[in-house]
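> Enclosed is the structure file coords_21.cif (mmCIF, C-alpha atoms and all ligand atoms).
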```cif
data_data
#
loop_
_atom_site.label_atom_id
_atom_site.label_comp_id
_atom_site.auth_asym_id
_atom_site.auth_seq_id
_atom_site.Cartn_x
_atom_site.Cartn_y
_atom_site.Cartn_z
CA MET D 1100 34.76 -13.56 2.09
CA TYR D 1101 32.80 -10.33 2.67
CA GLY D 1102 33.57 -10.45 6.41
CA LEU D 1103 30.43 -12.44 7.27
CA SER D 1104 30.09 -13.73 10.86
CA GLU D 1105 29.46 -17.38 11.76
CA GLU D 1106 25.82 -16.48 12.41
CA ASP D 1107 25.51 -14.74 9.01
CA LEU D 1108 27.05 -17.73 7.24
CA ALA D 1109 24.73 -20.20 9.01
CA LEU D 1110 21.67 -18.16 8.03
CA GLN D 1111 22.94 -17.82 4.47
CA ALA D 1112 23.47 -21.61 4.27
CA ARG D 1113 19.93 -22.30 5.53
CA ALA D 1114 18.46 -19.88 2.96
CA ARG D 1115 20.55 -21.42 0.20
CA GLY D 1116 19.35 -24.87 1.25
CA LEU D 1117 15.73 -23.74 0.97
CA ALA D 1118 16.33 -22.18 -2.46
CA ASP D 1119 17.94 -25.42 -3.64
CA GLU D 1120 14.83 -27.32 -2.53
CA LEU D 1121 12.59 -24.91 -4.46
CA ILE D 1122 14.54 -24.77 -7.73
CA PRO D 1123 13.24 -28.16 -8.98
CA PHE D 1124 9.67 -26.71 -8.96
CA GLU D 1125 10.45 -23.81 -11.30
CA GLU D 1126 9.61 -25.53 -14.57
CA GLN D 1127 6.32 -26.86 -13.24
CA ALA D 1128 5.41 -23.33 -12.14
CA GLU D 1129 6.39 -21.96 -15.57
CA ARG D 1130 4.14 -24.51 -17.31
CA ASP D 1131 1.19 -23.88 -14.99
CA GLY D 1132 0.97 -20.11 -15.09
CA GLY D 1133 3.09 -19.69 -11.99
CA GLU D 1134 0.84 -21.92 -9.88
CA LEU D 1135 2.01 -24.87 -7.79
CA PRO D 1136 -0.34 -27.35 -6.10
CA ALA D 1137 -1.51 -26.15 -2.69
CA ASP D 1138 0.11 -29.07 -0.85
CA VAL D 1139 3.49 -28.27 -2.46
CA THR D 1140 3.22 -24.60 -1.48
CA ALA D 1141 2.19 -25.58 2.04
CA ALA D 1142 5.19 -27.91 2.30
CA HIS D 1143 7.49 -25.08 1.20
CA ALA D 1144 5.96 -22.80 3.80
CA LYS D 1145 6.49 -25.39 6.50
CA ARG D 1146 10.09 -25.84 5.42
CA ALA D 1147 10.75 -22.08 5.55
CA ARG D 1148 9.40 -22.02 9.10
CA GLU D 1149 11.48 -25.05 10.12
CA LEU D 1150 14.60 -23.34 8.80
CA GLY D 1151 13.79 -20.19 10.79
CA LEU D 1152 13.61 -18.06 7.64
CA HIS D 1153 10.24 -16.53 8.33
CA SER D 1154 9.70 -12.85 9.18
CA ALA D 1155 13.38 -12.13 8.89
CA ASN D 1156 12.69 -8.39 8.97
CA MET D 1157 10.41 -8.50 12.01
CA PRO D 1158 11.68 -7.88 15.55
CA ALA D 1159 12.51 -11.02 17.52
CA GLU D 1160 10.29 -9.88 20.41
CA LEU D 1161 7.29 -10.05 18.06
CA GLY D 1162 8.19 -13.54 16.94
CA GLY D 1163 10.16 -12.48 13.86
CA GLY D 1164 13.70 -13.34 12.89
CA GLY D 1165 15.17 -10.13 14.33
CA CYS D 1166 17.72 -10.16 11.50
CA THR D 1167 20.15 -7.36 10.78
CA SER D 1168 19.82 -5.58 7.44
CA LEU D 1169 22.83 -7.51 6.19
CA GLN D 1170 21.23 -10.81 7.21
CA GLN D 1171 18.01 -9.86 5.41
CA VAL D 1172 20.06 -9.15 2.30
CA LEU D 1173 21.72 -12.57 2.63
CA VAL D 1174 18.34 -14.33 2.85
CA GLN D 1175 16.79 -12.35 -0.01
CA GLU D 1176 19.85 -12.99 -2.16
CA GLN D 1177 19.30 -16.73 -1.86
CA MET D 1178 15.58 -16.36 -2.60
CA GLY D 1179 16.53 -14.44 -5.73
CA ARG D 1180 18.19 -17.58 -7.12
CA VAL D 1181 14.76 -19.09 -7.80
CA THR D 1182 12.57 -18.15 -10.80
CA ASN D 1183 8.77 -17.88 -11.13
CA ALA D 1184 8.45 -16.41 -7.65
CA VAL D 1185 8.55 -19.95 -6.27
CA ALA D 1186 10.56 -18.33 -3.47
CA THR D 1187 9.71 -14.65 -3.51
CA PRO D 1188 10.16 -12.85 -0.24
CA ASP D 1189 6.42 -12.26 -0.43
CA GLN D 1190 5.84 -15.96 -0.20
CA ILE D 1191 8.33 -16.42 2.57
CA GLU D 1192 6.71 -13.52 4.33
CA ARG D 1193 3.37 -15.14 3.75
CA TYR D 1194 4.46 -18.14 5.65
CA VAL D 1195 5.87 -15.88 8.15
CA ARG D 1196 4.00 -12.76 8.77
CA PRO D 1197 0.78 -14.61 9.52
CA ALA D 1198 2.41 -15.90 12.66
CA ILE D 1199 3.11 -12.44 13.98
CA ALA D 1200 0.47 -10.39 12.20
CA GLY D 1201 -2.57 -12.53 12.81
CA GLU D 1202 -2.72 -14.72 9.67
CA ARG D 1203 -3.10 -11.87 7.22
CA GLU D 1204 -1.64 -10.95 3.87
CA GLU D 1205 -1.33 -7.51 2.34
CA CYS D 1206 -1.04 -5.72 -1.00
CA TYR D 1207 -0.07 -2.12 -1.84
CA ALA D 1208 -2.44 0.11 -3.81
CA ILE D 1209 -0.46 3.26 -4.53
CA THR D 1210 0.18 3.55 -8.30
CA GLU D 1211 -2.54 4.96 -10.56
CA GLU D 1212 -2.97 5.33 -14.31
CA GLY D 1213 -1.63 8.89 -14.13
CA ALA D 1214 0.77 8.46 -11.18
CA GLY D 1215 3.64 5.99 -11.08
CA SER D 1216 7.11 7.48 -10.69
CA ASP D 1217 5.41 10.68 -9.62
CA VAL D 1218 3.59 9.34 -6.56
CA ASP D 1219 2.69 12.88 -5.66
CA ALA D 1220 0.34 12.97 -8.65
CA ILE D 1221 -2.11 10.46 -7.17
CA GLU D 1222 -5.76 11.45 -7.42
CA ALA D 1223 -7.33 8.89 -5.08
CA THR D 1224 -9.18 10.63 -2.28
CA ALA D 1225 -9.98 10.06 1.37
CA ALA D 1226 -12.74 12.15 2.92
CA ARG D 1227 -13.43 12.08 6.65
CA ASP D 1228 -17.05 11.24 7.48
CA LYS D 1229 -17.45 11.33 11.30
CA ASP D 1230 -15.68 8.23 12.58
CA HIS D 1231 -15.02 6.84 9.09
CA TYR D 1232 -13.15 7.73 5.91
CA LEU D 1233 -14.65 7.39 2.46
CA LEU D 1234 -12.06 6.18 -0.06
CA ASN D 1235 -12.20 6.58 -3.84
CA GLY D 1236 -9.67 5.86 -6.57
CA VAL D 1237 -8.51 3.42 -9.21
CA LYS D 1238 -5.17 1.73 -8.53
CA TRP D 1239 -2.91 0.00 -11.05
CA HIS D 1240 -0.53 -2.97 -10.77
CA VAL D 1241 -1.82 -4.03 -7.33
CA THR D 1242 0.58 -6.93 -6.79
CA SER D 1243 -0.84 -9.90 -4.86
CA PHE D 1244 -4.38 -8.51 -4.76
CA ASN D 1245 -5.61 -12.03 -5.62
CA ALA D 1246 -3.94 -13.41 -2.50
CA ALA D 1247 -4.30 -10.51 -0.08
CA ASP D 1248 -6.87 -10.02 2.63
CA PHE D 1249 -6.06 -6.36 3.19
CA ALA D 1250 -4.67 -3.49 1.15
CA PHE D 1251 -2.60 -0.43 1.95
CA PHE D 1252 -4.37 2.34 0.06
CA GLN D 1253 -2.70 5.72 -0.47
CA ALA D 1254 -4.88 8.76 -1.07
CA ARG D 1255 -5.10 12.52 -0.85
CA LEU D 1256 -7.14 13.93 2.01
CA ARG D 1257 -10.27 15.80 1.02
CA GLY D 1258 -11.37 18.53 3.40
CA GLY D 1259 -10.04 19.35 6.84
CA GLU D 1260 -6.84 21.16 7.81
CA LEU D 1261 -4.58 18.84 5.81
CA ASP D 1262 -6.63 18.97 2.61
CA GLY D 1263 -4.51 17.64 -0.30
CA GLU D 1264 -1.92 15.88 1.91
CA HIS D 1265 -1.26 12.16 1.55
CA ALA D 1266 -2.52 9.50 3.93
CA MET D 1267 -2.32 5.72 4.02
CA PHE D 1268 -5.24 3.46 4.97
CA LEU D 1269 -5.81 -0.21 5.65
CA VAL D 1270 -8.69 -1.68 3.66
CA ASP D 1271 -9.99 -5.15 4.49
CA LEU D 1272 -10.47 -7.43 1.50
CA PRO D 1273 -13.04 -8.08 0.31
CA SER D 1274 -14.86 -4.85 1.19
CA PRO D 1275 -17.99 -3.32 -0.35
CA GLY D 1276 -16.92 -0.96 -3.15
CA VAL D 1277 -13.62 -2.73 -3.95
CA ARG D 1278 -13.63 -4.46 -7.33
CA VAL D 1279 -11.16 -5.71 -9.91
CA VAL D 1280 -11.47 -3.70 -13.16
CA ARG D 1281 -9.27 -6.17 -15.06
CA THR D 1282 -6.30 -8.45 -14.59
CA PRO D 1283 -3.72 -7.82 -17.35
CA ALA D 1284 -1.09 -10.42 -18.28
CA TYR D 1285 2.52 -9.47 -17.46
CA THR D 1286 5.92 -10.59 -18.73
CA HIS D 1287 6.67 -12.98 -15.87
CA THR D 1288 4.81 -16.17 -15.00
CA ILE D 1289 3.92 -16.05 -11.32
CA SER D 1290 0.82 -16.87 -9.33
CA HIS D 1291 0.45 -13.37 -7.89
CA HIS D 1292 -1.54 -11.07 -10.19
CA HIS D 1293 -1.25 -7.30 -10.60
CA PRO D 1294 -4.83 -6.20 -11.34
CA ILE D 1295 -6.29 -2.74 -11.80
CA VAL D 1296 -8.55 -2.25 -8.79
CA ALA D 1297 -11.33 0.30 -8.29
CA PHE D 1298 -12.13 1.62 -4.81
CA GLU D 1299 -15.59 3.20 -4.98
CA ASN D 1300 -16.98 4.87 -1.85
CA VAL D 1301 -15.18 2.37 0.35
CA ARG D 1302 -15.92 3.12 4.03
CA VAL D 1303 -13.16 2.35 6.49
CA PRO D 1304 -13.16 3.15 10.22
CA ALA D 1305 -10.93 6.08 11.26
CA GLU D 1306 -8.72 3.57 13.12
CA ASN D 1307 -7.66 2.22 9.71
CA LEU D 1308 -5.63 5.37 9.07
CA VAL D 1309 -1.96 4.30 9.23
CA GLY D 1310 -0.07 6.75 11.45
CA ALA D 1311 -1.42 10.27 11.16
CA GLU D 1312 -3.04 12.28 8.39
CA GLY D 1313 -0.23 13.61 6.16
CA ASP D 1314 2.05 10.65 6.93
CA GLY D 1315 1.37 8.83 3.64
CA MET D 1316 4.54 9.77 1.81
CA ALA D 1317 6.74 9.09 4.85
CA PHE D 1318 5.57 5.48 4.90
CA ALA D 1319 6.17 5.17 1.17
CA TYR D 1320 9.78 6.39 1.56
CA GLU D 1321 10.49 4.01 4.42
CA TRP D 1322 9.08 1.11 2.43
CA PHE D 1323 11.11 2.11 -0.66
CA ARG D 1324 14.39 2.12 1.28
CA PHE D 1325 13.84 -1.39 2.58
CA GLU D 1326 12.40 -2.83 -0.61
CA ARG D 1327 14.96 -1.26 -2.95
CA LEU D 1328 17.78 -2.89 -1.04
CA MET D 1329 15.89 -6.20 -1.09
CA VAL D 1330 15.33 -5.89 -4.86
CA GLY D 1331 19.08 -5.46 -5.13
CA ALA D 1332 19.66 -8.53 -2.96
CA ARG D 1333 17.36 -10.73 -5.05
CA CYS D 1334 19.11 -9.54 -8.21
CA LEU D 1335 22.40 -10.68 -6.66
CA GLY D 1336 20.88 -14.12 -6.17
CA ALA D 1337 19.59 -14.24 -9.72
CA ALA D 1338 22.95 -13.18 -11.14
CA GLY D 1339 24.72 -15.66 -8.86
CA ARG D 1340 22.59 -18.53 -10.10
CA LEU D 1341 23.05 -17.42 -13.72
CA THR D 1342 26.83 -17.19 -13.42
CA GLU D 1343 26.92 -20.71 -11.94
CA GLU D 1344 24.66 -22.11 -14.67
CA MET D 1345 26.44 -20.38 -17.55
CA ALA D 1346 29.89 -21.32 -16.26
CA ALA D 1347 28.87 -24.98 -15.92
CA PHE D 1348 27.34 -25.02 -19.40
CA ALA D 1349 30.27 -23.20 -21.02
CA ALA D 1350 32.73 -25.63 -19.45
CA THR D 1351 31.00 -28.69 -20.93
CA ARG D 1352 29.40 -27.47 -24.17
CA ARG D 1353 31.85 -28.03 -27.00
CA ALA D 1354 32.00 -26.18 -30.32
CA GLY D 1355 34.86 -26.21 -32.78
CA GLY D 1356 36.50 -28.97 -30.80
CA THR D 1357 36.84 -27.07 -27.49
CA PRO D 1358 34.60 -26.12 -24.59
CA ILE D 1359 32.93 -22.82 -25.52
CA SER D 1360 34.43 -21.25 -22.36
CA GLU D 1361 37.76 -21.34 -24.19
CA HIS D 1362 36.45 -19.16 -26.99
CA GLY D 1363 37.53 -15.66 -26.07
CA LEU D 1364 34.21 -14.00 -26.83
CA VAL D 1365 32.34 -16.43 -24.55
CA ALA D 1366 35.02 -16.17 -21.87
CA GLY D 1367 34.53 -12.40 -21.92
CA MET D 1368 30.82 -12.78 -21.17
CA LEU D 1369 31.59 -15.08 -18.23
CA ALA D 1370 34.28 -12.79 -16.85
CA ASP D 1371 32.22 -9.60 -17.17
CA SER D 1372 29.27 -11.25 -15.45
CA LEU D 1373 31.22 -12.43 -12.43
CA THR D 1374 33.15 -9.17 -12.10
CA GLU D 1375 29.95 -7.13 -12.10
CA LEU D 1376 28.32 -9.52 -9.63
CA PHE D 1377 31.28 -9.13 -7.25
CA ALA D 1378 31.05 -5.34 -7.43
CA ALA D 1379 27.27 -5.36 -6.95
CA ARG D 1380 27.44 -7.70 -3.96
CA ALA D 1381 30.07 -5.55 -2.24
CA LEU D 1382 27.86 -2.49 -2.81
CA ALA D 1383 24.68 -4.12 -1.46
CA TYR D 1384 26.37 -5.66 1.58
CA GLU D 1385 28.07 -2.38 2.48
CA THR D 1386 24.76 -0.53 2.14
CA ALA D 1387 23.13 -3.03 4.52
CA ARG D 1388 26.00 -2.73 6.98
CA GLY D 1389 25.61 1.05 6.90
CA ILE D 1390 21.95 0.72 7.88
CA ASP D 1391 22.93 -1.61 10.73
CA ARG D 1392 25.51 0.95 11.90
CA GLY D 1393 22.87 3.69 11.94
CA THR D 1394 24.03 5.67 8.90
CA ASP D 1395 22.14 8.93 8.30
CA VAL D 1396 18.79 8.03 6.76
CA LYS D 1397 19.24 10.32 3.71
CA VAL D 1398 22.60 8.72 2.97
CA SER D 1399 21.08 5.26 3.33
CA HIS D 1400 18.23 6.32 1.06
CA ALA D 1401 20.69 7.24 -1.71
CA GLN D 1402 22.79 4.12 -1.11
CA CYS D 1403 19.69 1.88 -1.31
CA SER D 1404 18.96 3.58 -4.64
CA MET D 1405 22.53 2.82 -5.78
CA ALA D 1406 22.16 -0.81 -4.72
CA LYS D 1407 18.81 -1.16 -6.52
CA LEU D 1408 20.07 0.63 -9.63
CA TYR D 1409 23.34 -1.21 -10.00
CA CYS D 1410 22.19 -4.69 -8.93
CA SER D 1411 19.10 -4.66 -11.16
CA GLU D 1412 20.98 -3.37 -14.21
CA MET D 1413 23.85 -5.79 -13.54
CA ALA D 1414 21.43 -8.74 -13.28
CA GLY D 1415 19.76 -7.69 -16.53
CA ARG D 1416 23.11 -7.68 -18.31
CA VAL D 1417 24.06 -11.03 -16.80
CA ALA D 1418 20.74 -12.59 -17.88
CA ASP D 1419 21.20 -11.26 -21.39
CA ARG D 1420 24.71 -12.77 -21.59
CA ALA D 1421 23.47 -16.05 -20.08
CA VAL D 1422 20.86 -16.40 -22.84
CA GLN D 1423 23.64 -15.81 -25.36
CA VAL D 1424 25.98 -18.34 -23.77
CA PHE D 1425 23.24 -21.00 -23.78
CA GLY D 1426 22.60 -20.30 -27.48
CA GLY D 1427 19.28 -21.75 -28.73
CA ARG D 1428 18.73 -23.43 -25.37
CA GLY D 1429 18.77 -20.01 -23.77
CA TYR D 1430 15.60 -19.13 -25.68
CA MET D 1431 13.62 -22.09 -24.32
CA ARG D 1432 11.26 -21.52 -21.43
CA GLU D 1433 12.59 -24.63 -19.73
CA ASN D 1434 15.95 -22.86 -19.43
CA VAL D 1435 16.69 -20.79 -16.34
CA ALA D 1436 18.37 -18.03 -18.38
CA GLU D 1437 15.24 -17.52 -20.49
CA ARG D 1438 13.05 -17.23 -17.39
CA PHE D 1439 15.38 -14.81 -15.63
CA TYR D 1440 15.75 -12.79 -18.84
CA ARG D 1441 12.02 -12.06 -18.69
CA GLU D 1442 11.62 -11.92 -14.94
CA LEU D 1443 14.48 -9.56 -14.18
CA ARG D 1444 13.19 -6.86 -16.51
CA VAL D 1445 10.72 -5.56 -13.96
CA GLU D 1446 13.47 -5.02 -11.38
CA ARG D 1447 14.45 -1.89 -13.31
CA ILE D 1448 10.88 -0.62 -13.20
CA TRP D 1449 9.11 -1.34 -9.91
CA GLU D 1450 9.98 0.24 -6.58
CA GLY D 1451 11.18 3.22 -8.62
CA THR D 1452 12.58 3.00 -12.14
CA SER D 1453 16.30 3.19 -12.89
CA GLU D 1454 15.80 6.79 -13.98
CA ILE D 1455 14.22 7.70 -10.66
CA GLN D 1456 17.07 6.00 -8.74
CA ARG D 1457 19.58 8.04 -10.77
CA MET D 1458 17.69 11.25 -9.96
CA ILE D 1459 17.73 10.41 -6.22
CA ILE D 1460 21.44 9.59 -6.25
CA ALA D 1461 22.39 12.69 -8.22
CA ARG D 1462 20.28 14.91 -5.96
CA GLN D 1463 21.95 13.61 -2.78
CA MET D 1464 25.35 13.67 -4.47
CA THR D 1465 25.11 17.35 -5.36
CA LYS D 1466 23.60 18.22 -1.98
CA ARG D 1467 26.01 16.31 0.29
CA GLY D 1468 29.02 15.73 -1.93
CA PRO D 1469 30.07 12.38 -3.40
CA ALA D 1470 32.23 11.49 -0.38
CA ALA D 1471 29.17 11.35 1.88
CA LEU D 1472 27.63 8.61 -0.24
CA ALA D 1473 30.53 6.54 -1.47
C1 LIG I 1 4.82 -6.07 -12.24
C2 LIG I 1 4.57 -4.78 -11.53
C3 LIG I 1 4.11 -4.80 -10.22
C4 LIG I 1 3.85 -3.61 -9.55
N1 LIG I 1 3.33 -3.65 -8.28
C5 LIG I 1 2.88 -2.52 -7.70
C6 LIG I 1 2.17 -2.56 -6.44
O1 LIG I 1 2.00 -3.64 -5.84
N2 LIG I 1 1.67 -1.42 -5.93
C7 LIG I 1 1.84 -0.22 -6.55
O2 LIG I 1 1.36 0.77 -6.03
N3 LIG I 1 2.53 -0.13 -7.74
C8 LIG I 1 3.04 -1.26 -8.32
N4 LIG I 1 3.71 -1.20 -9.53
C9 LIG I 1 3.89 0.10 -10.17
C10 LIG I 1 5.35 0.55 -10.32
O3 LIG I 1 5.84 0.98 -9.10
C11 LIG I 1 5.38 1.62 -11.41
O4 LIG I 1 5.11 0.98 -12.64
C12 LIG I 1 6.70 2.35 -11.49
O5 LIG I 1 6.92 3.14 -10.34
C13 LIG I 1 6.78 3.25 -12.72
O6 LIG I 1 5.64 4.05 -12.84
P1 LIG I 1 4.84 4.10 -14.22
O7 LIG I 1 4.63 2.71 -14.67
O8 LIG I 1 3.65 4.94 -14.04
O9 LIG I 1 5.83 4.77 -15.25
P2 LIG I 1 6.04 6.35 -15.44
O10 LIG I 1 6.20 7.01 -14.13
O11 LIG I 1 4.99 6.87 -16.36
O12 LIG I 1 7.44 6.36 -16.20
C14 LIG I 1 7.55 6.11 -17.59
C15 LIG I 1 9.01 6.36 -17.98
O13 LIG I 1 9.36 7.73 -17.70
C16 LIG I 1 10.49 7.76 -16.84
N5 LIG I 1 10.35 8.87 -15.91
C17 LIG I 1 9.28 9.22 -15.15
N6 LIG I 1 9.57 10.26 -14.37
C18 LIG I 1 10.86 10.60 -14.63
C19 LIG I 1 11.74 11.59 -14.13
N7 LIG I 1 11.37 12.46 -13.20
N8 LIG I 1 13.00 11.64 -14.63
C20 LIG I 1 13.41 10.75 -15.59
N9 LIG I 1 12.61 9.79 -16.08
C21 LIG I 1 11.36 9.71 -15.61
C22 LIG I 1 10.46 6.43 -16.10
O14 LIG I 1 11.74 6.10 -15.59
C23 LIG I 1 10.00 5.50 -17.20
O15 LIG I 1 11.09 5.16 -18.01
C24 LIG I 1 4.04 -2.38 -10.21
C25 LIG I 1 4.53 -2.36 -11.53
C26 LIG I 1 4.79 -3.55 -12.19
C27 LIG I 1 5.27 -3.51 -13.60
#
```
For the structure just supplied, provide its representation as structure tokens.
Ligand SMILES: Cc1cc2nc3c(=O)[nH]c(=O)nc-3n(C[C@H](O)[C@H](O)[C@H](O)COP(=O)(O)OP(=O)(O)OC[C@H]3O[C@@H](n4cnc5c(N)ncnc54)[C@H](O)[C@@H]3O)c2cc1C


Amino acid sequence: MYGLSEEDLALQARARGLADELIPFEEQAERDGGELPADVTAAHAKRARELGLHSANMPAELGGGGCTSLQQVLVQEQMGRVTNAVATPDQIERYVRPAIAGEREECYAITEEGAGSDVDAIEATAARDKDHYLLNGVKWHVTSFNAADFAFFQARLRGGELDGEHAMFLVDLPSPGVRVVRTPAYTHTISHHHPIVAFENVRVPAENLVGAEGDGMAFAYEWFRFERLMVGARCLGAAGRLTEEMAAFAATRRAGGTPISEHGLVAGMLADSLTELFAARALAYETARGIDRGTDVKVSHAQCSMAKLYCSEMAGRVADRAVQVFGGRGYMRENVAERFYRELRVERIWEGTSEIQRMIIARQMTKRGPAALA
């Protein structure tokens, strides 16, 4: 199905095998604030390397997996089957990227209290001071700051010809002037925190400018395209796992003398979930194939938005139905549906909210015509 090659299927099977090995650790992670013992995490990392699932998105010549976009979607989809970020791509990357990027781990400091969807509204500043830049700003929701040893920091240039333009910088962690303001609790239970971080007169060498001055937004767009498709892929995995779990439960749980799957209202929830998953998977795979074929970048941008929008909203609906199918069990934290119900909520918010995805799609649709996008 889906026209996958032998190579694609082999990779998919390896990723599924890894996810199946990680699933038994979900409940322990849920109980322990998302943390697993270091030796368990190290064993998972080793396993990911053994299975050749590390650095899937990095070029083979740099030691990465050299995977196509479709293959990356297939891997991320399987990782999405696991709750509590026991198998987030971040973690896989962590096992991975170190090998090709010199044992380092990053976080992204872009969002601010007054600038989320509207990235252009950021107020953080970068002022050139001879062979250094001086960075200032307070960043929100800095995912993985507690595990990272460098940050991408987006700011507006102060002074010079490109005054007011965006630029991206690498900041080593820890660095003088970088401090956590506070670490709020979030809906999901994972070991990576999302603190508010202040950057106060942080001096970085001019070489830490990523690309050129004024390039900041271009990097953000490129990252969004990739990550939005991967969000979509992980939502496919989550919905896939949920449909399997709810179908198995509905087939065996009896009420009124019959399996609940034979009650029409329950059957409807199962059928709608699988139908939507099928549609979402076809959309995400086709978007990935388009990237691999070299589709126009603006078209891909809109299609990645469609994949993120539809897959995340589909997974949210599937999780909601799964909780319902499991009844009271679906409300227990030891139940996979309950965990996904909470965890999937953020997929409609980060990497651009559903509303922002709709704006992007509608803009490209009116500019290029619907036929160019779908
Ligand atoms: C768990 C988590 C982790 C995150 N990790 C990171 C990270 O590592 N690095 C980072 O930089 N950021 C991160 N973020 C920030 C995330 O990208 C933003 O929360 C998101 O982009 C939304 O911005 P906002 O929260 O400021 O909401 P706002 O932009 O204030 O939006 C509020 C509401 O208004 C709507 N809205 C806004 N603009 C429009 C519009 N033009 N049209 C229609 N509706 C609109 C939104 O859709 C939303 O419903 C993270 C967020 C969360 C929750």

> Near region 1446-1451 of chain D, counting only C-alpha atoms, which residues have an atom at most 7 Å away, once you skip same-chain residues fewer than 4 positions from it, shown as a count of residues only?

8

> What lies within 9 Å of region 1345-1357 of chain D using all atoms listed in the file, ignoring chain neighbours under 4 positions off, as a PyMOL selection string?

chain D and resi 1340-1341+1361-1362+1365-1366+1369+1420-1422+1424-1425+1436

> What are the closest atom pairs, with distances in Å to one decimal, for each residue of chain D lying within 7 Å of ligand LIG 1 (chain I), using all atoms listed in the file, rows by chain and rising residue number, as a tab-separated table?


```
residue	atom	partner	partner_atom	distance
D:Cys1206	CA	I:LIG1	O1	6.1
D:Tyr1207	CA	I:LIG1	N2	4.5
D:Ala1208	CA	I:LIG1	O2	4.5
D:Ile1209	CA	I:LIG1	O2	3.4
D:Thr1210	CA	I:LIG1	O2	3.8
D:Glu1212	CA	I:LIG1	O8	6.6
D:Gly1213	CA	I:LIG1	O8	6.6
D:Ala1214	CA	I:LIG1	O8	5.4
D:Gly1215	CA	I:LIG1	O8	3.1
D:Ser1216	CA	I:LIG1	O10	3.6
D:Asp1217	CA	I:LIG1	O10	5.9
D:Trp1239	CA	I:LIG1	N3	6.4
D:His1240	CA	I:LIG1	C4	4.6
D:Val1241	CA	I:LIG1	O1	4.1
D:Thr1242	CA	I:LIG1	O1	3.7
D:Ser1243	CA	I:LIG1	O1	6.9
D:Tyr1285	CA	I:LIG1	C1	6.6
D:His1293	CA	I:LIG1	C3	5.9
D:Val1445	CA	I:LIG1	C27	5.8
D:Ile1448	CA	I:LIG1	C12	5.4
D:Trp1449	CA	I:LIG1	O3	4.1
D:Glu1450	CA	I:LIG1	O3	4.9
D:Gly1451	CA	I:LIG1	O5	4.6
D:Thr1452	CA	I:LIG1	O14	4.7
D:Ser1453	CA	I:LIG1	O14	6.0
D:Glu1454	CA	I:LIG1	O14	4.4
D:Ile1455	CA	I:LIG1	N8	5.7
D:Met1458	CA	I:LIG1	N8	6.6
```

> Just checking: using only C-alpha atoms, which residue out of D:Leu1261, D:Leu1173, D:Leu1272, D:Ala1246 ends up closest to Asp1314 (chain D)?

D:Leu1261

> For region 1225-1230 of chain D, work out the shell of residues within 12 Å, counting only C-alpha atoms and skipping chain neighbours fewer than 6 positions away, then give it as an MDAnalysis selection string.

chainID D and resid 1236 1252:1269 1298:1308 1312:1313 1315

> Give me, please, the distance in Å between CA of Arg1467 (chain D) and CA of Phe1325 (chain D), quoted to one decimal.

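So the answer is 21.6 Å.
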
> Which residue, D:Val1181, D:Val1270, D:Glu1343, D:Ala1186, has the smallest gap to Glu1204 (chain D) when you use only C-alpha atoms?

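Nearest to Glu1204 (chain D): D:Val1270.
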
> Point out the residue among D:Asp1219, D:Glu1321, D:Glu1211, D:Glu1375 with the least atom-to-atom distance to Val1296 (chain D), counting all atoms listed in the file.

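So, comparing all the options, the nearest one is D:Glu1211.
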
> Go ahead and compute the interatomic distance for CA of Gly1427 (chain D) and CA of Gly1367 (chain D), in Å to one decimal.

19.1 Å

> Using only C-alpha atoms, which residues sit within 9 Å of Leu1150 (chain D) once same-chain residues fewer than 3 positions away are excluded, as a VMD selection string?

chain D and resid 1110 1113 to 1114 1117 1145 to 1147 1153

> Find the distance between CA of Arg1380 (chain D) and CA of Asn1183 (chain D) and write it in Å to one decimal.

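Rounded to one decimal, the two atoms are 22.4 Å apart.
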
> Axis-aligned box over every listed atom of region 1226-1241 of chain D, padded by 8 Å per side: centre and edges in Å to one decimal, as AutoDock Vina command-line options?


```
--center_x -9.0 --center_y 4.1 --center_z 0.8 --size_x 32.9 --size_y 32.2 --size_z 39.6
```

> Phe1244 (chain D): which residues within 8 Å, counting all atoms listed in the file, same-chain residues fewer than 6 positions away excluded, as a tab-separated table (two decimals) with C-alpha atoms, in the frame of the given file?


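Saved result, selection-v2.tsv, follows:
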```tsv
chain	number	residue	atom	x	y	z
D	1205	GLU	CA	-1.33	-7.51	2.34
D	1206	CYS	CA	-1.04	-5.72	-1.00
D	1250	ALA	CA	-4.67	-3.49	1.15
D	1291	HIS	CA	0.45	-13.37	-7.89
D	1292	HIS	CA	-1.54	-11.07	-10.19
D	1293	HIS	CA	-1.25	-7.30	-10.60
D	1294	PRO	CA	-4.83	-6.20	-11.34
```

> With distances taken over all atoms listed in the file, which residue among D:Gly1426, D:Pro1358, D:Gly1389, D:Gly1331 lies nearest Ser1404 (chain D)?

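Among D:Gly1426, D:Pro1358, D:Gly1389, D:Gly1331, it is D:Gly1331 that comes nearest to Ser1404 (chain D).
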
> I'd like to know which of D:Arg1392, D:Arg1438, D:Arg1444, D:Lys1466 is closest to Arg1416 (chain D), using only C-alpha atoms.

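Of D:Arg1392, D:Arg1438, D:Arg1444, D:Lys1466, the one nearest Arg1416 (chain D) is D:Arg1444, counting only C-alpha atoms.
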